[in-house]
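Trainee: I'd like to ask you about the structure that follows.
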Amino acid sequence: MAKLKLTKAVVEAAQPSGREQELRDTTVPGFLCKVTPTGRKVFMVQYRTNDGTRRKPAIGVFGELTVDQARTIAQRLLAEVRNGGDPSAEKAAAREAPTVKQLSKRFMDEYSRPRNKPKTVESNVGYIELHIVPSLGNRKVPEVTRADILDLMKRLQHKQVTANRVLSCLRKMFNLSEVWGYRPDGSNPCRHVPKYKENGTTRYITDEELGKLFAYLGRAEAEGLEHPTLLLAIRLQFEFAARMSEILSLRWDWVDLPNRRVAWPDSKTDRISKPISEEGYRLLSSAYKFAGSPYVCPAIFNPQSRLPNDTYYHGWMRVLQRAGVPHVGTHGIRHRAATDVRIQACR
């Protein structure tokens with residue numbers, strides 16, 4: 001084991017022997033060049049970690065790196081060691097780090113499928129398969145940068161809503177990558193990446209339109225112009241300022257008429273409980289209960305199932321048309337009802 005200042009001339013002059021030789025640099029302790037029996041010359045750096053573990057990782061091969069380039073790398077690595085780092089272990093961890101494709105699979109298996117609702121799971125699968133894996137799938141999780149995320153968002157700018165949903169999915173995935181030890185805390189590359197502005201708005205039902213709508217609901221009920229289940233569902237959505245899904249999934253065992261409350265155990269926003277108004281009490285206490293059906297608003301041709309989304313939505317569109325009210329989505333019912341509740345609360 002020779003100790004001398006490593007220079008180009010010294011390394012070039014080193015000849016192989018029957019065993020490995022180490023030429024150690026006198027200017028940067030720990031920097032050395034290993035000469036193998038086959039004549040290969042490899043720059044290395046030797047150090048001990050804070051816990052006393054001895055490391056000797058390779059830096060590069062002479063010819064690919066000059067002596068000065070290798071010495072500069074060695075100095076940088078040794079500076080990391082003095083600051084408590086372990087470059088060799090970090091390099092090994094980087095090699096073993098999962099790809100974004102592997103992270104996506106763990107995200108779906110351990111987080112999304114056990115925790116999210118089926119529709120959200122389906123959406124996440126689409127975002128991953130159509131956008132995330134094709135763009136970032138082969139990248140190592142620790143290597144993904146904010147620039148990579150911005151580039152993906154730019155490529156999806158013609159689908160701005162989709163781009164925003166993909167960003168939300170990625171943000172959660174990289175949050176979990178920190179929890180699972182794949183990235184340092186606070187290193188999520190989605191941080192500070194802005195979403196696109198979404199211009200979609202829900203139109204509010206005006207007072208005049210509300211009058212026309214309820215006039216038609218009353219006439220439809222009296223003359224049998226619409227199915228009673230559809231009319232009940234629409235009135236209940238107004239009464240509870242509820243989402244469409246909350247009314248269509250409503251079960252009789254969630255309804256507590258004596259105490260005038262309804263409790264949804266698994267709404268979009270987790271468990272919720274709402275009081276039953278006088279009109280809500282009238283609607284629920286007088287509603288027809290189909291034998292053996294758990295649902296307040298069952299499917300028209302199969303009472304054992306809830307009223308399908310499409311049946312309700314198309315029925316709502318038909319009611320609007322017949323009432324002479326311009327198009328507004330079913331979410332407009334919730335917005336209007338919630339506004340009325342707030343106004344009444346302030347009086």
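By convention in this document, the chains of the structure tokens carry letters A, B, ... by their order, each chain's residues are numbered from 1, and ligands are numbered from 1 in the order they are shown.
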Select from region 97-200 of chain A everything DSSP, run on the backbone, classes as helix (DSSP H, G or I), then give the selection as a VMD selection string.

Mentor: chain A and resid 100 to 115 118 to 136 141 to 143 146 to 155 160 to 179

Trainee: Can I get the selection written as a CSV table (one decimal), in the first residue's frame, with C-alpha atoms?

Mentor:
```csv
chain,number,residue,atom,x,y,z
A,100,VAL,CA,-42.8,5.5,-9.6
A,101,LYS,CA,-44.6,2.5,-11.2
A,102,GLN,CA,-43.8,0.4,-8.1
A,103,LEU,CA,-44.9,3.3,-5.8
A,104,SER,CA,-48.2,3.5,-7.8
A,105,LYS,CA,-48.9,-0.2,-7.2
A,106,ARG,CA,-48.2,0.1,-3.4
A,107,PHE,CA,-50.3,3.3,-3.3
A,108,MET,CA,-53.3,1.4,-4.9
A,109,ASP,CA,-52.9,-1.8,-2.9
A,110,GLU,CA,-52.2,-0.3,0.6
A,111,TYR,CA,-53.9,3.1,0.5
A,112,SER,CA,-56.5,3.7,-2.3
A,113,ARG,CA,-58.3,0.4,-2.5
A,114,PRO,CA,-58.7,0.0,1.3
A,115,ARG,CA,-59.6,3.6,2.0
A,118,PRO,CA,-64.9,2.6,-5.6
A,119,LYS,CA,-65.4,5.6,-8.0
A,120,THR,CA,-62.2,7.2,-6.6
A,121,VAL,CA,-60.3,3.9,-6.9
A,122,GLU,CA,-61.4,3.6,-10.5
A,123,SER,CA,-60.3,7.2,-11.2
A,124,ASN,CA,-56.9,6.7,-9.6
A,125,VAL,CA,-56.3,3.6,-11.7
A,126,GLY,CA,-57.1,5.7,-14.8
A,127,TYR,CA,-54.8,8.6,-13.8
A,128,ILE,CA,-52.0,6.1,-13.0
A,129,GLU,CA,-52.3,4.0,-16.2
A,130,LEU,CA,-53.0,6.7,-18.7
A,131,HIS,CA,-50.8,9.6,-17.4
A,132,ILE,CA,-48.5,8.8,-14.4
A,133,VAL,CA,-46.8,5.6,-15.4
A,134,PRO,CA,-46.3,6.5,-19.1
A,135,SER,CA,-44.6,9.8,-18.1
A,136,LEU,CA,-42.8,8.9,-14.8
A,141,VAL,CA,-39.0,7.8,-6.6
A,142,PRO,CA,-36.2,9.9,-5.0
A,143,GLU,CA,-35.2,11.2,-8.4
A,146,ARG,CA,-40.7,19.5,-9.3
A,147,ALA,CA,-39.6,20.1,-12.9
A,148,ASP,CA,-40.8,16.6,-13.8
A,149,ILE,CA,-44.3,17.4,-12.3
A,150,LEU,CA,-44.5,20.7,-14.0
A,151,ASP,CA,-43.6,19.1,-17.3
A,152,LEU,CA,-46.4,16.5,-16.9
A,153,MET,CA,-48.9,19.3,-16.1
A,154,LYS,CA,-47.8,21.2,-19.2
A,155,ARG,CA,-48.4,18.2,-21.3
A,160,GLN,CA,-56.9,21.0,-17.3
A,161,VAL,CA,-59.4,19.2,-15.1
A,162,THR,CA,-57.7,15.9,-15.7
A,163,ALA,CA,-54.3,17.5,-15.0
A,164,ASN,CA,-55.5,18.8,-11.6
A,165,ARG,CA,-56.8,15.3,-10.7
A,166,VAL,CA,-53.5,13.7,-11.8
A,167,LEU,CA,-51.6,16.3,-9.6
A,168,SER,CA,-53.8,15.5,-6.6
A,169,CYS,CA,-53.1,11.7,-7.1
A,170,LEU,CA,-49.4,12.3,-7.4
A,171,ARG,CA,-49.3,14.6,-4.4
A,172,LYS,CA,-50.8,11.9,-2.2
A,173,MET,CA,-48.5,9.2,-3.7
A,174,PHE,CA,-45.4,11.3,-2.9
A,175,ASN,CA,-46.7,12.1,0.6
A,176,LEU,CA,-46.9,8.4,1.3
A,177,SER,CA,-43.5,7.9,-0.3
A,178,GLU,CA,-42.2,10.0,2.6
A,179,VAL,CA,-44.1,8.0,5.1
```

Trainee: Determine, counting only C-alpha atoms, which protein, DNA and RNA residues have an atom within 12 Å of an atom of Pro87 (chain A); residues of the same chain fewer than 3 positions away are not included. Present the result as a PyMOL selection string.

Mentor: chain A and resi 45-49+54-59+73-84+90-94

Trainee: Restricted to N, CA and C atoms, what would the selected residues look like written as a PDB file, in the first residue's frame?

Mentor:
```pdb
ATOM      1  N   VAL A  45     -12.854   5.972  -2.258  1.00  0.00           N
ATOM      2  CA  VAL A  45     -12.699   6.824  -1.083  1.00  0.00           C
ATOM      3  C   VAL A  45     -13.026   5.981   0.147  1.00  0.00           C
ATOM      4  N   GLN A  46     -12.181   6.053   1.136  1.00  0.00           N
ATOM      5  CA  GLN A  46     -12.387   5.262   2.358  1.00  0.00           C
ATOM      6  C   GLN A  46     -12.741   6.193   3.517  1.00  0.00           C
ATOM      7  N   TYR A  47     -13.740   5.772   4.310  1.00  0.00           N
ATOM      8  CA  TYR A  47     -14.132   6.584   5.467  1.00  0.00           C
ATOM      9  C   TYR A  47     -14.836   5.710   6.489  1.00  0.00           C
ATOM     10  N   ARG A  48     -15.023   6.279   7.665  1.00  0.00           N
ATOM     11  CA  ARG A  48     -15.825   5.624   8.695  1.00  0.00           C
ATOM     12  C   ARG A  48     -17.039   6.498   8.992  1.00  0.00           C
ATOM     13  N   THR A  49     -18.184   5.864   9.176  1.00  0.00           N
ATOM     14  CA  THR A  49     -19.388   6.607   9.513  1.00  0.00           C
ATOM     15  C   THR A  49     -19.365   6.973  10.991  1.00  0.00           C
ATOM     16  N   ARG A  54     -17.043   0.975   8.547  1.00  0.00           N
ATOM     17  CA  ARG A  54     -16.024   1.299   7.546  1.00  0.00           C
ATOM     18  C   ARG A  54     -16.628   1.150   6.148  1.00  0.00           C
ATOM     19  N   ARG A  55     -16.420   2.149   5.303  1.00  0.00           N
ATOM     20  CA  ARG A  55     -16.923   2.131   3.927  1.00  0.00           C
ATOM     21  C   ARG A  55     -15.762   2.401   2.968  1.00  0.00           C
ATOM     22  N   LYS A  56     -15.851   1.802   1.777  1.00  0.00           N
ATOM     23  CA  LYS A  56     -14.861   2.085   0.740  1.00  0.00           C
ATOM     24  C   LYS A  56     -15.549   2.007  -0.635  1.00  0.00           C
ATOM     25  N   PRO A  57     -16.416   2.984  -0.939  1.00  0.00           N
ATOM     26  CA  PRO A  57     -17.129   2.936  -2.216  1.00  0.00           C
ATOM     27  C   PRO A  57     -16.252   3.384  -3.387  1.00  0.00           C
ATOM     28  N   ALA A  58     -16.531   2.851  -4.557  1.00  0.00           N
ATOM     29  CA  ALA A  58     -15.829   3.263  -5.778  1.00  0.00           C
ATOM     30  C   ALA A  58     -16.364   4.613  -6.247  1.00  0.00           C
ATOM     31  N   ILE A  59     -15.473   5.406  -6.817  1.00  0.00           N
ATOM     32  CA  ILE A  59     -15.848   6.705  -7.376  1.00  0.00           C
ATOM     33  C   ILE A  59     -15.980   6.616  -8.887  1.00  0.00           C
ATOM     34  N   ILE A  73     -14.388  14.720  -6.338  1.00  0.00           N
ATOM     35  CA  ILE A  73     -15.535  13.921  -5.884  1.00  0.00           C
ATOM     36  C   ILE A  73     -15.262  13.363  -4.493  1.00  0.00           C
ATOM     37  N   ALA A  74     -14.044  12.883  -4.283  1.00  0.00           N
ATOM     38  CA  ALA A  74     -13.683  12.328  -2.972  1.00  0.00           C
ATOM     39  C   ALA A  74     -13.800  13.389  -1.885  1.00  0.00           C
ATOM     40  N   GLN A  75     -13.354  14.590  -2.168  1.00  0.00           N
ATOM     41  CA  GLN A  75     -13.451  15.673  -1.182  1.00  0.00           C
ATOM     42  C   GLN A  75     -14.906  15.991  -0.848  1.00  0.00           C
ATOM     43  N   ARG A  76     -15.754  15.976  -1.874  1.00  0.00           N
ATOM     44  CA  ARG A  76     -17.180  16.244  -1.627  1.00  0.00           C
ATOM     45  C   ARG A  76     -17.800  15.152  -0.759  1.00  0.00           C
ATOM     46  N   LEU A  77     -17.475  13.896  -1.050  1.00  0.00           N
ATOM     47  CA  LEU A  77     -18.022  12.782  -0.280  1.00  0.00           C
ATOM     48  C   LEU A  77     -17.528  12.816   1.170  1.00  0.00           C
ATOM     49  N   LEU A  78     -16.274  13.126   1.357  1.00  0.00           N
ATOM     50  CA  LEU A  78     -15.729  13.191   2.710  1.00  0.00           C
ATOM     51  C   LEU A  78     -16.335  14.350   3.503  1.00  0.00           C
ATOM     52  N   ALA A  79     -16.674  15.437   2.801  1.00  0.00           N
ATOM     53  CA  ALA A  79     -17.350  16.558   3.468  1.00  0.00           C
ATOM     54  C   ALA A  79     -18.738  16.115   3.946  1.00  0.00           C
ATOM     55  N   GLU A  80     -19.407  15.302   3.143  1.00  0.00           N
ATOM     56  CA  GLU A  80     -20.717  14.771   3.554  1.00  0.00           C
ATOM     57  C   GLU A  80     -20.577  13.903   4.803  1.00  0.00           C
ATOM     58  N   VAL A  81     -19.504  13.116   4.851  1.00  0.00           N
ATOM     59  CA  VAL A  81     -19.265  12.252   6.018  1.00  0.00           C
ATOM     60  C   VAL A  81     -19.052  13.102   7.261  1.00  0.00           C
ATOM     61  N   ARG A  82     -18.270  14.172   7.135  1.00  0.00           N
ATOM     62  CA  ARG A  82     -18.028  15.047   8.288  1.00  0.00           C
ATOM     63  C   ARG A  82     -19.320  15.685   8.798  1.00  0.00           C
ATOM     64  N   ASN A  83     -20.293  15.837   7.910  1.00  0.00           N
ATOM     65  CA  ASN A  83     -21.595  16.397   8.306  1.00  0.00           C
ATOM     66  C   ASN A  83     -22.580  15.325   8.762  1.00  0.00           C
ATOM     67  N   GLY A  84     -22.083  14.108   8.976  1.00  0.00           N
ATOM     68  CA  GLY A  84     -22.936  13.035   9.484  1.00  0.00           C
ATOM     69  C   GLY A  84     -23.547  12.159   8.424  1.00  0.00           C
ATOM     70  N   GLU A  90     -26.272   5.873   1.135  1.00  0.00           N
ATOM     71  CA  GLU A  90     -27.281   6.632   0.396  1.00  0.00           C
ATOM     72  C   GLU A  90     -27.316   6.207  -1.065  1.00  0.00           C
ATOM     73  N   LYS A  91     -26.143   5.931  -1.640  1.00  0.00           N
ATOM     74  CA  LYS A  91     -26.079   5.482  -3.027  1.00  0.00           C
ATOM     75  C   LYS A  91     -26.741   4.105  -3.179  1.00  0.00           C
ATOM     76  N   ALA A  92     -26.467   3.232  -2.202  1.00  0.00           N
ATOM     77  CA  ALA A  92     -27.080   1.893  -2.246  1.00  0.00           C
ATOM     78  C   ALA A  92     -28.592   1.990  -2.113  1.00  0.00           C
ATOM     79  N   ALA A  93     -29.043   2.888  -1.221  1.00  0.00           N
ATOM     80  CA  ALA A  93     -30.484   3.063  -1.038  1.00  0.00           C
ATOM     81  C   ALA A  93     -31.132   3.600  -2.308  1.00  0.00           C
ATOM     82  N   ALA A  94     -30.415   4.497  -2.991  1.00  0.00           N
ATOM     83  CA  ALA A  94     -30.952   5.054  -4.240  1.00  0.00           C
ATOM     84  C   ALA A  94     -31.100   3.964  -5.294  1.00  0.00           C
TER      85      ALA A  94
END
```

Trainee: What's around Ile300 (chain A) at 12 Å? Count only C-alpha atoms, leave out sequence neighbours fewer than 4 positions away in its own chain, and write the answer as number ranges by chain.

Mentor: A: 226-230, 290, 293, 295-296, 304-308, 311-312, 315

Trainee: Which residue gives the smallest distance to Thr66 (chain A) among A:Val35, A:Ala9, A:Val28, A:Ala215, with only C-alpha atoms counted?

Mentor: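 The shortest atom-to-atom distance to Thr66 (chain A) comes from A:Ala9.
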
Trainee: Using only C-alpha atoms, which of A:Lys195, A:Ser277, A:Leu248, A:Arg139 sits nearest Trp264 (chain A)?

Mentor: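 Between A:Lys195, A:Ser277, A:Leu248, A:Arg139, the residue approaching Trp264 (chain A) most closely is A:Leu248.
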
Trainee: Neighbours of Lys5 (chain A) within 12 Å (only C-alpha atoms; same-chain residues fewer than 6 positions away dropped), as a list of chain:residue names?

Mentor: A:Val11, A:Leu23, A:Arg24, A:Asp25, A:Thr26, A:Thr27, A:Val28, A:Pro29, A:Phe31, A:Leu32, A:Cys33, A:Val67, A:Asp68, A:Arg71

Trainee: Between A:Lys274, A:Arg336, A:Arg282, A:Arg219, which one has atoms that come closest to Ala323 (chain A), using only C-alpha atoms?

Mentor: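 That would be A:Arg219, the residue with the smallest distance to Ala323 (chain A).
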
Trainee: Find the residues near Arg235 (chain A): any atom within 10 Å, counting only C-alpha atoms, skip ones fewer than 3 places away on the same chain, and give them as a PyMOL selection string.

Mentor: chain A and resi 214+217+229-232+238-241+247+279-280+283+333
